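Contents: one structure, followed by commentary.
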Amino acid sequence: MTGDGDLRGGYLRQDRLSLAAAAVIVVDMTNDFCHADGVYARHGADCAPLRALLPDISAVMAAARSAGRPVVLCSQFIFRDAAGNAVASPGMVAARPWLGAEGLAPGSWGTRIVDGLPTPDFTIDKPRASGFFATSLDLLLRGLGVDTVILLGGYTNQCIEATARDAWALDYRVVLPPDGTACFDPALHEATLTTLAPLTTQRGAAAIVAGFAAMPSFRNSPDQGARHA
């Protein structure tokens, strides 16, 4: 016998939203992915789905900071040799050959958070889709006492899904706002949300902002500056 909250296969839909020990993880909302002058837009990629997320992501980031909760940017990069050629990212280059010669260079304008979003508290440079793979993100979150991650950004079916699965495997609770993530194909976005439903609590950005605003620690706090982890 199943209830309204059940999913196919006997899974229960996750619906717990506890933000007292949450961190906001912003994935790849950077210039090369989002900006009109970034490498993706210059090579014909439609950046509009990600740019449409800016107001909601900005609101969640600001609310988290006002509640005293950390905000982390996970920024994709590609190692490059002295000539500027990509190394160690064969999958990305195979899918988008123009990345072989330009884009996502470590420390570049392209890997910085896009205009329209607040400065994050921490930045994690990631060499692969997941924010956890070969990075210090888990170490940082453990040090901050985080047990819940709120994932925002793109792309839903790639870096968001990879980060969500690794977070779940590391025993974090995962919150995934459907209106806080996007990808090139709305059908893939919806399919990924359905696939991740057993692993994630899916609440809209407004509900998360309201959750932070209801915390006793919530206040209008100044920007504390950013750190690189």
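Residues are named by chain letter and number: chains run A, B, ... in the order of the structure tokens, numbers start at 1 in each chain, and ligands are numbered from 1 in the order shown.
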*Residues flagged strand (DSSP E) by DSSP in range 1-189 of chain A, as a list in words*: Ala22, Ala23, Val24, Ile25, Val26, Val27, Val71, Val72, Leu73, Cys74, Ser75, Gln76, Phe122, Thr123, Ile124, Asp125, Lys126, Thr148, Val149, Ile150, Leu151, Leu152, Gly153, Gly154, Arg173, Val174, Val175, Thr181 and Ala182 of chain A
Please provide the set of residues having any atom within 12 Å of Asn85 in chain A, restricted to only C-alpha atoms, with same-chain residues fewer than 4 positions apart removed, written as a tab-separated table (two decimals) with N, CA and C atoms, in the first residue's frame.
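Contents of part-v4.tsv, as written:
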chain	number	residue	atom	x	y	z
A	78	ILE	N	39.36	24.00	-16.03
A	78	ILE	CA	40.10	23.05	-16.84
A	78	ILE	C	41.59	23.38	-16.72
A	79	PHE	N	42.39	22.40	-16.31
A	79	PHE	CA	43.84	22.61	-16.28
A	79	PHE	C	44.33	22.92	-17.69
A	80	ARG	N	45.29	23.85	-17.77
A	80	ARG	CA	45.85	24.21	-19.08
A	80	ARG	C	47.37	24.25	-18.99
A	81	ASP	N	48.01	23.85	-20.09
A	81	ASP	CA	49.46	23.87	-20.14
A	81	ASP	C	49.96	25.28	-20.48
A	89	SER	N	41.05	17.01	-18.92
A	89	SER	CA	39.59	17.11	-19.03
A	89	SER	C	39.12	16.57	-20.38
A	90	PRO	N	39.46	15.31	-20.71
A	90	PRO	CA	39.12	14.79	-22.04
A	90	PRO	C	37.63	14.71	-22.32
A	93	VAL	N	36.26	18.23	-23.25
A	93	VAL	CA	36.78	18.67	-24.55
A	93	VAL	C	36.18	17.85	-25.68
A	97	PRO	N	34.61	20.69	-28.31
A	97	PRO	CA	36.02	20.79	-28.72
A	97	PRO	C	36.64	22.16	-28.53
A	98	TRP	N	35.84	23.22	-28.58
A	98	TRP	CA	36.41	24.56	-28.41
A	98	TRP	C	36.98	24.77	-27.02
A	99	LEU	N	36.59	23.95	-26.05
A	99	LEU	CA	37.19	24.05	-24.72
A	99	LEU	C	38.65	23.58	-24.72
A	100	GLY	N	39.05	22.93	-25.77
A	100	GLY	CA	40.44	22.51	-25.85
A	100	GLY	C	41.41	23.67	-25.91
A	101	ALA	N	40.96	24.79	-26.45
A	101	ALA	CA	41.85	25.94	-26.65
A	101	ALA	C	41.54	27.12	-25.74
A	102	GLU	N	40.33	27.19	-25.18
A	102	GLU	CA	39.99	28.36	-24.36
A	102	GLU	C	38.86	28.02	-23.40
A	103	GLY	N	38.77	28.87	-22.38
A	103	GLY	CA	37.66	28.77	-21.44
A	103	GLY	C	37.99	28.04	-20.16
A	104	LEU	N	37.37	28.50	-19.07
A	104	LEU	CA	37.44	27.84	-17.76
A	104	LEU	C	38.87	27.69	-17.25
A	105	ALA	N	39.73	28.62	-17.61
A	105	ALA	CA	41.11	28.57	-17.14
A	105	ALA	C	41.17	28.89	-15.65
_Under the rule that only C-alpha atoms are counted, which of A:Asp185, A:Asp15, A:Asp179, A:Glu161 is the nearest residue to Ala206 in chain A?_
A:Asp179
*Could you please write out, as a PyMOL selection string, every residue of range 42-201 of chain A that DSSP assigns to helix (DSSP H, G or I)?*
chain A and resi 42+48-51+54-66+90-95+97-100+109-111+137-143+156-169+178-180+186-196
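Residue nearest Tyr172 in chain A within the list A:Val87, A:Ala64, A:Leu12, A:Ala23: A:Ala23 [criterion: smallest interatomic distance, only C-alpha atoms].
Atom to atom, CA of Arg65 in chain A and CA of Asp115 in chain A stand 17.8 Å apart.
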Compile a residue-level contact table for range 39-100 of chain A against range 24-28 of chain A at a cut-off of 12 Å, reporting for every qualifying residue the shortest atom pair and its distance in Å to one decimal, with only C-alpha atoms counted, rows ordered by chain and ascending number, as CSV.
residue,atom,partner,partner_atom,distance
A:Cys47,CA,A:Asp28,CA,11.9
A:Leu50,CA,A:Asp28,CA,9.5
A:Arg51,CA,A:Asp28,CA,11.5
A:Leu53,CA,A:Val26,CA,11.2
A:Leu54,CA,A:Val26,CA,10.9
A:Asp56,CA,A:Val26,CA,11.7
A:Ile57,CA,A:Val26,CA,8.0
A:Ser58,CA,A:Val26,CA,10.0
A:Ala59,CA,A:Val24,CA,11.4
A:Val60,CA,A:Val24,CA,7.9
A:Met61,CA,A:Val24,CA,6.9
A:Ala62,CA,A:Val24,CA,10.2
A:Ala63,CA,A:Val24,CA,10.0
A:Ala64,CA,A:Val24,CA,7.1
A:Arg65,CA,A:Val24,CA,9.3
A:Ala67,CA,A:Val24,CA,11.5
A:Gly68,CA,A:Val24,CA,11.2
A:Arg69,CA,A:Val24,CA,7.7
A:Pro70,CA,A:Val24,CA,6.4
A:Val71,CA,A:Val24,CA,4.7
A:Val72,CA,A:Ile25,CA,4.9
A:Leu73,CA,A:Val26,CA,4.7
A:Cys74,CA,A:Val27,CA,4.9
A:Ser75,CA,A:Asp28,CA,5.0
A:Gln76,CA,A:Asp28,CA,6.1
A:Phe77,CA,A:Asp28,CA,9.5
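Straight-line separation from CA of Ala22 in chain A to CA of Asp147 in chain A: 6.1 Å.
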*Shell around Glu190 in chain A at 12 Å using only C-alpha atoms, local window under 6 positions removed, as a ChimeraX atom specification*: /A:155-157,161,177-179,181-184,196-197,202
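Interatomic distance, CA of Gly204 in chain A against CA of Arg16 in chain A: 13.1 Å.
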*Best match for closeness to Gly110 in chain A among A:Phe212, A:Phe132, A:Trp168, A:Phe33, counting only C-alpha atoms*: A:Phe33
